[in-house]
file upload17.txt (compact mmCIF, N, CA and C atoms)
# COMPACT_ATOMS: atom_id res chain seq x y z
N MET A 1 -138.96 -61.64 -62.40
CA MET A 1 -138.11 -60.85 -63.28
C MET A 1 -138.29 -59.38 -62.92
N ASN A 2 -137.21 -58.67 -62.93
CA ASN A 2 -137.20 -57.25 -62.64
C ASN A 2 -138.07 -56.52 -63.66
N ILE A 3 -138.94 -55.62 -63.20
CA ILE A 3 -139.86 -54.91 -64.08
C ILE A 3 -139.13 -54.01 -65.07
N ILE A 4 -137.99 -53.45 -64.67
CA ILE A 4 -137.22 -52.59 -65.59
C ILE A 4 -136.64 -53.43 -66.71
N LEU A 5 -136.08 -54.58 -66.36
CA LEU A 5 -135.54 -55.48 -67.37
C LEU A 5 -136.65 -55.99 -68.28
N GLN A 6 -137.78 -56.33 -67.70
CA GLN A 6 -138.91 -56.83 -68.47
C GLN A 6 -139.40 -55.76 -69.45
N THR A 7 -139.48 -54.52 -69.01
CA THR A 7 -139.90 -53.43 -69.89
C THR A 7 -138.88 -53.19 -71.00
N PHE A 8 -137.62 -53.19 -70.64
CA PHE A 8 -136.57 -53.00 -71.65
C PHE A 8 -136.62 -54.09 -72.71
N LEU A 9 -136.74 -55.34 -72.28
CA LEU A 9 -136.80 -56.46 -73.23
C LEU A 9 -138.06 -56.40 -74.08
N LEU A 10 -139.15 -55.98 -73.50
CA LEU A 10 -140.39 -55.83 -74.26
C LEU A 10 -140.24 -54.77 -75.35
N ILE A 11 -139.60 -53.66 -75.02
CA ILE A 11 -139.35 -52.61 -76.01
C ILE A 11 -138.44 -53.14 -77.12
N MET A 12 -137.41 -53.90 -76.75
CA MET A 12 -136.50 -54.47 -77.75
C MET A 12 -137.23 -55.44 -78.68
N VAL A 13 -138.13 -56.25 -78.13
CA VAL A 13 -138.89 -57.19 -78.96
C VAL A 13 -139.83 -56.42 -79.89
N LEU A 14 -140.43 -55.35 -79.40
CA LEU A 14 -141.30 -54.54 -80.27
C LEU A 14 -140.50 -53.92 -81.41
N ILE A 15 -139.30 -53.43 -81.12
CA ILE A 15 -138.43 -52.88 -82.18
C ILE A 15 -138.09 -53.98 -83.19
N TYR A 16 -137.80 -55.16 -82.69
CA TYR A 16 -137.48 -56.31 -83.54
C TYR A 16 -138.66 -56.63 -84.46
N LEU A 17 -139.87 -56.68 -83.91
CA LEU A 17 -141.05 -56.98 -84.72
C LEU A 17 -141.33 -55.88 -85.73
N ILE A 18 -141.16 -54.63 -85.33
CA ILE A 18 -141.35 -53.51 -86.26
C ILE A 18 -140.34 -53.59 -87.39
N PHE A 19 -139.10 -53.97 -87.09
CA PHE A 19 -138.08 -54.10 -88.12
C PHE A 19 -138.44 -55.21 -89.11
N ILE A 20 -138.93 -56.34 -88.62
CA ILE A 20 -139.34 -57.43 -89.51
C ILE A 20 -140.50 -56.98 -90.40
N ILE A 21 -141.46 -56.28 -89.82
CA ILE A 21 -142.59 -55.78 -90.60
C ILE A 21 -142.13 -54.74 -91.62
N TYR A 22 -141.18 -53.91 -91.24
CA TYR A 22 -140.60 -52.93 -92.18
C TYR A 22 -139.97 -53.64 -93.37
N LEU A 23 -139.19 -54.70 -93.09
CA LEU A 23 -138.56 -55.45 -94.18
C LEU A 23 -139.61 -56.09 -95.08
N LEU A 24 -140.69 -56.56 -94.50
CA LEU A 24 -141.78 -57.13 -95.29
C LEU A 24 -142.43 -56.08 -96.18
N ARG A 25 -142.70 -54.91 -95.63
CA ARG A 25 -143.37 -53.85 -96.39
C ARG A 25 -142.51 -53.33 -97.52
N LYS A 26 -141.19 -53.31 -97.32
CA LYS A 26 -140.27 -52.82 -98.35
C LYS A 26 -139.87 -53.93 -99.33
N SER A 27 -140.48 -55.10 -99.18
CA SER A 27 -140.21 -56.27 -100.04
C SER A 27 -138.74 -56.71 -99.98
N LYS A 28 -138.10 -56.48 -98.87
CA LYS A 28 -136.74 -56.97 -98.66
C LYS A 28 -136.76 -58.40 -98.13
N LEU A 29 -137.92 -58.81 -97.60
CA LEU A 29 -138.08 -60.12 -97.00
C LEU A 29 -139.46 -60.63 -97.36
N GLU A 30 -139.54 -61.87 -97.83
CA GLU A 30 -140.83 -62.44 -98.18
C GLU A 30 -141.52 -62.99 -96.94
N LEU A 31 -142.85 -62.99 -96.99
CA LEU A 31 -143.63 -63.42 -95.83
C LEU A 31 -143.33 -64.86 -95.44
N LYS A 32 -143.18 -65.73 -96.43
CA LYS A 32 -142.95 -67.14 -96.10
C LYS A 32 -141.63 -67.34 -95.35
N TYR A 33 -140.66 -66.44 -95.56
CA TYR A 33 -139.40 -66.55 -94.84
C TYR A 33 -139.45 -65.82 -93.49
N ALA A 34 -140.34 -64.85 -93.38
CA ALA A 34 -140.41 -64.04 -92.17
C ALA A 34 -141.31 -64.64 -91.10
N LEU A 35 -142.09 -65.65 -91.43
CA LEU A 35 -143.04 -66.19 -90.46
C LEU A 35 -142.36 -66.72 -89.20
N LEU A 36 -141.26 -67.42 -89.35
CA LEU A 36 -140.54 -67.92 -88.17
C LEU A 36 -139.99 -66.78 -87.33
N TRP A 37 -139.50 -65.75 -87.99
CA TRP A 37 -138.96 -64.60 -87.24
C TRP A 37 -140.09 -63.92 -86.47
N LEU A 38 -141.23 -63.75 -87.11
CA LEU A 38 -142.37 -63.14 -86.43
C LEU A 38 -142.86 -64.01 -85.28
N LEU A 39 -142.92 -65.31 -85.52
CA LEU A 39 -143.37 -66.24 -84.48
C LEU A 39 -142.43 -66.21 -83.28
N SER A 40 -141.13 -66.17 -83.54
CA SER A 40 -140.18 -66.13 -82.43
C SER A 40 -140.35 -64.84 -81.62
N GLY A 41 -140.57 -63.73 -82.28
CA GLY A 41 -140.79 -62.48 -81.56
C GLY A 41 -142.06 -62.49 -80.73
N ILE A 42 -143.11 -63.09 -81.27
CA ILE A 42 -144.38 -63.17 -80.54
C ILE A 42 -144.24 -64.07 -79.32
N ILE A 43 -143.52 -65.16 -79.46
CA ILE A 43 -143.34 -66.06 -78.31
C ILE A 43 -142.48 -65.41 -77.24
N VAL A 44 -141.43 -64.69 -77.65
CA VAL A 44 -140.61 -63.99 -76.66
C VAL A 44 -141.44 -62.93 -75.95
N MET A 45 -142.31 -62.26 -76.70
CA MET A 45 -143.18 -61.26 -76.08
C MET A 45 -144.14 -61.93 -75.09
N ALA A 46 -144.66 -63.10 -75.43
CA ALA A 46 -145.54 -63.82 -74.51
C ALA A 46 -144.80 -64.23 -73.25
N VAL A 47 -143.55 -64.65 -73.41
CA VAL A 47 -142.74 -65.01 -72.23
C VAL A 47 -142.53 -63.79 -71.34
N LEU A 48 -142.32 -62.63 -71.95
CA LEU A 48 -142.10 -61.42 -71.16
C LEU A 48 -143.38 -60.95 -70.47
N ILE A 49 -144.51 -61.11 -71.13
CA ILE A 49 -145.78 -60.65 -70.55
C ILE A 49 -146.30 -61.62 -69.50
N PHE A 50 -146.14 -62.92 -69.74
CA PHE A 50 -146.64 -63.95 -68.82
C PHE A 50 -145.50 -64.83 -68.33
N PRO A 51 -144.57 -64.29 -67.55
CA PRO A 51 -143.42 -65.09 -67.13
C PRO A 51 -143.81 -66.23 -66.17
N ALA A 52 -144.86 -66.05 -65.38
CA ALA A 52 -145.25 -67.10 -64.42
C ALA A 52 -145.69 -68.37 -65.14
N PHE A 53 -146.37 -68.21 -66.26
CA PHE A 53 -146.81 -69.38 -67.03
C PHE A 53 -145.61 -70.19 -67.50
N PHE A 54 -144.61 -69.51 -68.04
CA PHE A 54 -143.45 -70.22 -68.57
C PHE A 54 -142.55 -70.77 -67.46
N LEU A 55 -142.54 -70.09 -66.31
CA LEU A 55 -141.80 -70.65 -65.17
C LEU A 55 -142.47 -71.92 -64.68
N GLY A 56 -143.81 -71.92 -64.65
CA GLY A 56 -144.54 -73.13 -64.26
C GLY A 56 -144.34 -74.25 -65.27
N LEU A 57 -144.35 -73.89 -66.55
CA LEU A 57 -144.12 -74.89 -67.61
C LEU A 57 -142.71 -75.46 -67.49
N ALA A 58 -141.75 -74.61 -67.20
CA ALA A 58 -140.37 -75.08 -67.06
C ALA A 58 -140.24 -76.05 -65.89
N SER A 59 -140.89 -75.75 -64.78
CA SER A 59 -140.79 -76.65 -63.63
C SER A 59 -141.51 -77.97 -63.90
N LYS A 60 -142.60 -77.95 -64.66
CA LYS A 60 -143.30 -79.20 -65.01
C LYS A 60 -142.48 -80.07 -65.94
N ILE A 61 -141.71 -79.44 -66.81
CA ILE A 61 -140.85 -80.19 -67.73
C ILE A 61 -139.66 -80.77 -66.98
N GLY A 62 -139.29 -80.12 -65.88
CA GLY A 62 -138.14 -80.59 -65.11
C GLY A 62 -136.95 -79.67 -65.20
N ILE A 63 -137.17 -78.48 -65.74
CA ILE A 63 -136.10 -77.50 -65.85
C ILE A 63 -136.06 -76.71 -64.55
N VAL A 64 -134.92 -76.73 -63.89
CA VAL A 64 -134.80 -76.11 -62.57
C VAL A 64 -134.64 -74.59 -62.69
N GLU A 65 -133.73 -74.16 -63.55
CA GLU A 65 -133.46 -72.73 -63.71
C GLU A 65 -134.26 -72.16 -64.87
N PRO A 66 -134.93 -71.03 -64.68
CA PRO A 66 -135.71 -70.41 -65.77
C PRO A 66 -134.85 -70.02 -66.97
N VAL A 67 -133.59 -69.70 -66.72
CA VAL A 67 -132.70 -69.33 -67.82
C VAL A 67 -132.54 -70.50 -68.80
N ASN A 68 -132.53 -71.71 -68.26
CA ASN A 68 -132.39 -72.88 -69.13
C ASN A 68 -133.61 -73.03 -70.04
N MET A 69 -134.79 -72.62 -69.58
CA MET A 69 -135.98 -72.65 -70.43
C MET A 69 -135.81 -71.69 -71.60
N ILE A 70 -135.21 -70.53 -71.33
CA ILE A 70 -134.96 -69.56 -72.39
C ILE A 70 -133.98 -70.14 -73.41
N PHE A 71 -132.92 -70.80 -72.92
CA PHE A 71 -131.96 -71.42 -73.83
C PHE A 71 -132.62 -72.53 -74.65
N LEU A 72 -133.53 -73.28 -74.04
CA LEU A 72 -134.25 -74.32 -74.76
C LEU A 72 -135.10 -73.73 -75.87
N LEU A 73 -135.82 -72.65 -75.56
CA LEU A 73 -136.65 -71.98 -76.58
C LEU A 73 -135.78 -71.41 -77.70
N GLN A 74 -134.68 -70.75 -77.33
CA GLN A 74 -133.79 -70.19 -78.34
C GLN A 74 -133.20 -71.27 -79.23
N GLY A 75 -132.76 -72.36 -78.62
CA GLY A 75 -132.20 -73.46 -79.41
C GLY A 75 -133.23 -74.05 -80.36
N GLY A 76 -134.46 -74.19 -79.89
CA GLY A 76 -135.52 -74.71 -80.75
C GLY A 76 -135.79 -73.80 -81.93
N PHE A 77 -135.87 -72.49 -81.68
CA PHE A 77 -136.11 -71.56 -82.78
C PHE A 77 -134.93 -71.51 -83.74
N LEU A 78 -133.72 -71.54 -83.22
CA LEU A 78 -132.56 -71.54 -84.12
C LEU A 78 -132.54 -72.80 -84.98
N LEU A 79 -132.92 -73.92 -84.40
CA LEU A 79 -132.99 -75.15 -85.16
C LEU A 79 -134.04 -75.06 -86.26
N LEU A 80 -135.23 -74.53 -85.93
CA LEU A 80 -136.27 -74.36 -86.94
C LEU A 80 -135.84 -73.41 -88.05
N ILE A 81 -135.19 -72.34 -87.68
CA ILE A 81 -134.74 -71.37 -88.68
C ILE A 81 -133.67 -71.98 -89.57
N CYS A 82 -132.73 -72.73 -89.00
CA CYS A 82 -131.69 -73.39 -89.80
C CYS A 82 -132.29 -74.41 -90.76
N ILE A 83 -133.27 -75.18 -90.29
CA ILE A 83 -133.91 -76.17 -91.16
C ILE A 83 -134.65 -75.47 -92.29
N SER A 84 -135.40 -74.40 -91.96
CA SER A 84 -136.14 -73.71 -93.02
C SER A 84 -135.19 -73.08 -94.04
N LEU A 85 -134.08 -72.52 -93.57
CA LEU A 85 -133.11 -71.95 -94.51
C LEU A 85 -132.45 -73.03 -95.36
N SER A 86 -132.22 -74.21 -94.79
CA SER A 86 -131.66 -75.32 -95.56
C SER A 86 -132.63 -75.76 -96.65
N VAL A 87 -133.91 -75.80 -96.33
CA VAL A 87 -134.92 -76.17 -97.33
C VAL A 87 -134.94 -75.13 -98.45
N ILE A 88 -134.86 -73.86 -98.09
CA ILE A 88 -134.86 -72.79 -99.09
C ILE A 88 -133.64 -72.89 -99.99
N VAL A 89 -132.47 -73.10 -99.41
CA VAL A 89 -131.23 -73.22 -100.19
C VAL A 89 -131.29 -74.43 -101.11
N SER A 90 -131.83 -75.54 -100.62
CA SER A 90 -131.95 -76.73 -101.46
C SER A 90 -132.85 -76.47 -102.65
N GLY A 91 -133.97 -75.80 -102.42
CA GLY A 91 -134.87 -75.47 -103.52
C GLY A 91 -134.21 -74.55 -104.53
N LEU A 92 -133.47 -73.56 -104.05
CA LEU A 92 -132.79 -72.65 -104.96
C LEU A 92 -131.69 -73.35 -105.75
N ASN A 93 -130.98 -74.29 -105.11
CA ASN A 93 -129.97 -75.08 -105.83
C ASN A 93 -130.58 -75.85 -106.98
N LYS A 94 -131.73 -76.44 -106.72
CA LYS A 94 -132.42 -77.20 -107.77
C LYS A 94 -132.83 -76.28 -108.93
N LYS A 95 -133.35 -75.10 -108.60
CA LYS A 95 -133.75 -74.15 -109.64
C LYS A 95 -132.54 -73.67 -110.44
N ILE A 96 -131.42 -73.41 -109.76
CA ILE A 96 -130.21 -72.96 -110.46
C ILE A 96 -129.70 -74.05 -111.40
N ARG A 97 -129.70 -75.30 -110.94
CA ARG A 97 -129.24 -76.40 -111.79
C ARG A 97 -130.10 -76.50 -113.05
N ILE A 98 -131.42 -76.37 -112.90
CA ILE A 98 -132.31 -76.44 -114.05
C ILE A 98 -132.06 -75.27 -115.00
N LEU A 99 -131.85 -74.06 -114.45
CA LEU A 99 -131.57 -72.90 -115.28
C LEU A 99 -130.26 -73.05 -116.05
N VAL A 100 -129.24 -73.58 -115.41
CA VAL A 100 -127.96 -73.79 -116.08
C VAL A 100 -128.11 -74.80 -117.21
N GLN A 101 -128.84 -75.87 -116.97
CA GLN A 101 -129.05 -76.88 -118.01
C GLN A 101 -129.83 -76.30 -119.18
N GLU A 102 -130.89 -75.53 -118.89
CA GLU A 102 -131.67 -74.93 -119.97
C GLU A 102 -130.85 -73.93 -120.75
N THR A 103 -130.01 -73.15 -120.06
CA THR A 103 -129.15 -72.19 -120.74
C THR A 103 -128.14 -72.90 -121.64
N ALA A 104 -127.58 -73.99 -121.17
CA ALA A 104 -126.63 -74.75 -121.99
C ALA A 104 -127.32 -75.31 -123.24
N LEU A 105 -128.54 -75.81 -123.08
CA LEU A 105 -129.26 -76.32 -124.24
C LEU A 105 -129.57 -75.21 -125.24
N LEU A 106 -129.96 -74.05 -124.75
CA LEU A 106 -130.23 -72.92 -125.64
C LEU A 106 -128.97 -72.45 -126.37
N GLU A 107 -127.85 -72.41 -125.66
CA GLU A 107 -126.59 -72.04 -126.30
C GLU A 107 -126.20 -73.03 -127.38
N LYS A 108 -126.43 -74.32 -127.13
CA LYS A 108 -126.12 -75.35 -128.13
C LYS A 108 -127.01 -75.17 -129.36
N ARG A 109 -128.29 -74.88 -129.14
CA ARG A 109 -129.19 -74.65 -130.27
C ARG A 109 -128.75 -73.44 -131.09
N ILE A 110 -128.31 -72.39 -130.40
CA ILE A 110 -127.86 -71.18 -131.11
C ILE A 110 -126.61 -71.50 -131.93
N ARG A 111 -125.65 -72.24 -131.33
CA ARG A 111 -124.45 -72.62 -132.07
C ARG A 111 -124.79 -73.47 -133.28
N ASP A 112 -125.69 -74.42 -133.12
CA ASP A 112 -126.09 -75.27 -134.23
C ASP A 112 -126.75 -74.46 -135.34
N LEU A 113 -127.62 -73.51 -134.97
CA LEU A 113 -128.26 -72.67 -135.98
C LEU A 113 -127.25 -71.77 -136.69
N GLU A 114 -126.26 -71.25 -135.94
CA GLU A 114 -125.22 -70.44 -136.57
C GLU A 114 -124.36 -71.26 -137.52
N GLU A 115 -124.08 -72.51 -137.15
CA GLU A 115 -123.31 -73.38 -138.03
C GLU A 115 -124.08 -73.68 -139.30
N LYS A 116 -125.38 -73.95 -139.19
CA LYS A 116 -126.20 -74.21 -140.38
C LYS A 116 -126.25 -72.97 -141.28
N ARG A 117 -126.30 -71.81 -140.66
CA ARG A 117 -126.37 -70.56 -141.43
C ARG A 117 -125.08 -70.33 -142.18
N THR A 118 -123.92 -70.58 -141.51
CA THR A 118 -122.66 -70.37 -142.19
C THR A 118 -122.44 -71.43 -143.28
N ASP A 119 -122.94 -72.64 -143.08
CA ASP A 119 -122.81 -73.68 -144.09
C ASP A 119 -123.68 -73.38 -145.30
N ALA A 120 -124.83 -72.76 -145.07
CA ALA A 120 -125.77 -72.44 -146.16
C ALA A 120 -125.23 -71.29 -147.01
N GLU A 121 -124.39 -70.45 -146.46
CA GLU A 121 -123.85 -69.31 -147.21
C GLU A 121 -122.75 -69.74 -148.06

call {"tool": "encode", "arguments": {"input": "upload17.txt", "output": "structure tokens"}}
result
Amino acid sequence: MNIILQTFLLIMVLIYLIFIIYLLRKSKLELKYALLWLLSGIIVMAVLIFPAFFLGLASKIGIVEPVNMIFLLQGGFLLLICISLSVIVSGLNKKIRILVQETALLEKRIRDLEEKRTDAE
């Protein structure tokens, strides 16, 4: 890999990691959601620092072109991120359903109490 390209990509990954850490510090992003993003940045940084290791790993797996190894890694991370976001959305859906049900029950209790109050007057 060209050293200029490698340096540029390394700087971009560092900016990416600093941005994720900034979002964590400002409480815009929770740590449990940011772990995959941080992990992906660290792995990309490892690939940039030790490209020979990943080229050797790619050839052992049977990947001829190094670019295909990058696509494999990207696809894997995107899949993990999509699955984790799906789990998060499913959990939030469950919480919203419970909140709506509890709110409906509370509204019914309020209506019943108002009806009893008007009947008592």

call {"tool": "atom_distance", "arguments": {"input": "upload17.txt", "atom1": "CA of Tyr22 in chain A", "atom2": "atom N of Leu36 in chain A"}}
result
14.8 Å

call {"tool": "closest_atom_pairs", "arguments": {"input": "upload17.txt", "of": "range 14-54 of chain A", "to": "range 72-83 of chain A", "cutoff": "9 Å", "atoms": "only C-alpha atoms", "output": "tab-separated table"}}
result
residue	atom	partner	partner_atom	distance
A:Leu36	CA	A:Ile81	CA	6.8
A:Trp37	CA	A:Ile81	CA	8.1
A:Ser40	CA	A:Phe77	CA	6.8
A:Val44	CA	A:Leu73	CA	8.9

call {"tool": "residues_around", "arguments": {"input": "upload17.txt", "residues": "range 31-34 of chain A", "least_positions_apart": "6", "cutoff": "8 Å", "atoms": "only N, CA and C atoms", "output": "list in words"}}
result
Ile20, Leu23, Leu24, Ser40 and Ser84 of chain A

call {"tool": "atom_distance", "arguments": {"input": "upload17.txt", "atom1": "CA of Met69 in chain A", "atom2": "CA of Phe50 in chain A"}}
result
13.9 Å

call {"tool": "axis_aligned_box", "arguments": {"input": "upload17.txt", "around": "range 20-36 of chain A", "padding_each_side": "4 Å", "output": "JSON"}}
result
{"center_x": -140.2, "center_y": -60.4, "center_z": -93.7, "size_x": 14.9, "size_y": 23.1, "size_z": 20.7}

call {"tool": "atom_distance", "arguments": {"input": "upload17.txt", "atom1": "CA of Leu85 in chain A", "atom2": "atom C of Leu9 in chain A"}}
result
26.1 Å

call {"tool": "residues_around", "arguments": {"input": "upload17.txt", "residues": "Ala58 in chain A", "least_positions_apart": "3", "cutoff": "12 Å", "atoms": "only C-alpha atoms", "output": "JSON, numbers by chain"}}
result
{"A": [47, 51, 52, 53, 54, 55, 61, 62, 63, 64, 65, 66, 67, 68, 69, 70, 71, 72, 73]}

call {"tool": "decode", "arguments": {"input": "upload17.txt", "residues": "range 18-86 of chain A", "atoms": "C-alpha atoms", "output": "PDB file, in the first residue's frame"}}
result
ATOM      1  CA  ILE A  18     -11.996  11.177  17.978  1.00  0.00           C
ATOM      2  CA  PHE A  19     -15.489  12.000  16.691  1.00  0.00           C
ATOM      3  CA  ILE A  20     -16.950   8.862  18.310  1.00  0.00           C
ATOM      4  CA  ILE A  21     -15.215   9.710  21.593  1.00  0.00           C
ATOM      5  CA  TYR A  22     -16.498  13.295  21.330  1.00  0.00           C
ATOM      6  CA  LEU A  23     -20.061  12.002  20.918  1.00  0.00           C
ATOM      7  CA  LEU A  24     -19.568   9.764  23.950  1.00  0.00           C
ATOM      8  CA  ARG A  25     -18.234  12.608  26.105  1.00  0.00           C
ATOM      9  CA  LYS A  26     -21.108  14.910  25.116  1.00  0.00           C
ATOM     10  CA  SER A  27     -23.607  12.115  25.929  1.00  0.00           C
ATOM     11  CA  LYS A  28     -24.917  12.138  22.368  1.00  0.00           C
ATOM     12  CA  LEU A  29     -24.070   8.446  22.063  1.00  0.00           C
ATOM     13  CA  GLU A  30     -24.128   5.766  24.740  1.00  0.00           C
ATOM     14  CA  LEU A  31     -21.134   3.515  25.244  1.00  0.00           C
ATOM     15  CA  LYS A  32     -23.075   0.311  24.636  1.00  0.00           C
ATOM     16  CA  TYR A  33     -24.051   1.593  21.180  1.00  0.00           C
ATOM     17  CA  ALA A  34     -20.623   3.022  20.377  1.00  0.00           C
ATOM     18  CA  LEU A  35     -18.613  -0.135  21.093  1.00  0.00           C
ATOM     19  CA  LEU A  36     -19.065  -1.545  17.589  1.00  0.00           C
ATOM     20  CA  TRP A  37     -18.127   1.779  16.027  1.00  0.00           C
ATOM     21  CA  LEU A  38     -15.000   1.977  18.167  1.00  0.00           C
ATOM     22  CA  LEU A  39     -14.127  -1.646  17.428  1.00  0.00           C
ATOM     23  CA  SER A  40     -14.489  -1.097  13.695  1.00  0.00           C
ATOM     24  CA  GLY A  41     -12.186   1.924  13.842  1.00  0.00           C
ATOM     25  CA  ILE A  42      -9.581   0.014  15.831  1.00  0.00           C
ATOM     26  CA  ILE A  43      -9.634  -2.892  13.384  1.00  0.00           C
ATOM     27  CA  VAL A  44      -9.308  -0.555  10.396  1.00  0.00           C
ATOM     28  CA  MET A  45      -6.381   1.108  12.152  1.00  0.00           C
ATOM     29  CA  ALA A  46      -4.780  -2.318  12.720  1.00  0.00           C
ATOM     30  CA  VAL A  47      -5.221  -3.142   9.035  1.00  0.00           C
ATOM     31  CA  LEU A  48      -3.522   0.138   8.109  1.00  0.00           C
ATOM     32  CA  ILE A  49      -0.637  -0.344  10.535  1.00  0.00           C
ATOM     33  CA  PHE A  50      -0.073  -4.062   9.817  1.00  0.00           C
ATOM     34  CA  PRO A  51      -1.169  -4.585   6.209  1.00  0.00           C
ATOM     35  CA  ALA A  52       1.143  -7.597   5.672  1.00  0.00           C
ATOM     36  CA  PHE A  53      -0.644  -9.571   8.384  1.00  0.00           C
ATOM     37  CA  PHE A  54      -4.042  -9.027   6.797  1.00  0.00           C
ATOM     38  CA  LEU A  55      -2.723  -9.730   3.310  1.00  0.00           C
ATOM     39  CA  GLY A  56      -1.344 -13.042   4.599  1.00  0.00           C
ATOM     40  CA  LEU A  57      -4.641 -13.782   6.343  1.00  0.00           C
ATOM     41  CA  ALA A  58      -6.532 -13.005   3.144  1.00  0.00           C
ATOM     42  CA  SER A  59      -4.379 -15.381   1.110  1.00  0.00           C
ATOM     43  CA  LYS A  60      -4.810 -18.156   3.720  1.00  0.00           C
ATOM     44  CA  ILE A  61      -8.575 -17.740   3.578  1.00  0.00           C
ATOM     45  CA  GLY A  62      -8.432 -17.937  -0.205  1.00  0.00           C
ATOM     46  CA  ILE A  63      -9.062 -14.307  -1.038  1.00  0.00           C
ATOM     47  CA  VAL A  64      -6.957 -13.388  -4.064  1.00  0.00           C
ATOM     48  CA  GLU A  65      -7.352  -9.604  -4.087  1.00  0.00           C
ATOM     49  CA  PRO A  66      -6.667  -7.625  -0.876  1.00  0.00           C
ATOM     50  CA  VAL A  67      -9.537  -5.275  -1.719  1.00  0.00           C
ATOM     51  CA  ASN A  68     -11.942  -8.190  -1.356  1.00  0.00           C
ATOM     52  CA  MET A  69     -10.681  -8.712   2.219  1.00  0.00           C
ATOM     53  CA  ILE A  70     -11.579  -5.091   2.955  1.00  0.00           C
ATOM     54  CA  PHE A  71     -15.062  -5.629   1.500  1.00  0.00           C
ATOM     55  CA  LEU A  72     -15.433  -8.767   3.620  1.00  0.00           C
ATOM     56  CA  LEU A  73     -14.475  -6.868   6.785  1.00  0.00           C
ATOM     57  CA  GLN A  74     -16.786  -3.968   5.911  1.00  0.00           C
ATOM     58  CA  GLY A  75     -19.676  -6.311   5.178  1.00  0.00           C
ATOM     59  CA  GLY A  76     -19.137  -8.115   8.466  1.00  0.00           C
ATOM     60  CA  PHE A  77     -19.114  -4.892  10.460  1.00  0.00           C
ATOM     61  CA  LEU A  78     -22.169  -3.548   8.664  1.00  0.00           C
ATOM     62  CA  LEU A  79     -23.975  -6.782   9.413  1.00  0.00           C
ATOM     63  CA  LEU A  80     -23.033  -6.588  13.103  1.00  0.00           C
ATOM     64  CA  ILE A  81     -24.109  -2.963  13.304  1.00  0.00           C
ATOM     65  CA  CYS A  82     -27.448  -3.702  11.595  1.00  0.00           C
ATOM     66  CA  ILE A  83     -28.119  -6.613  13.949  1.00  0.00           C
ATOM     67  CA  SER A  84     -27.256  -4.547  17.027  1.00  0.00           C
ATOM     68  CA  LEU A  85     -29.485  -1.692  15.839  1.00  0.00           C
ATOM     69  CA  SER A  86     -32.319  -4.167  15.197  1.00  0.00           C
TER      70      SER A  86
END
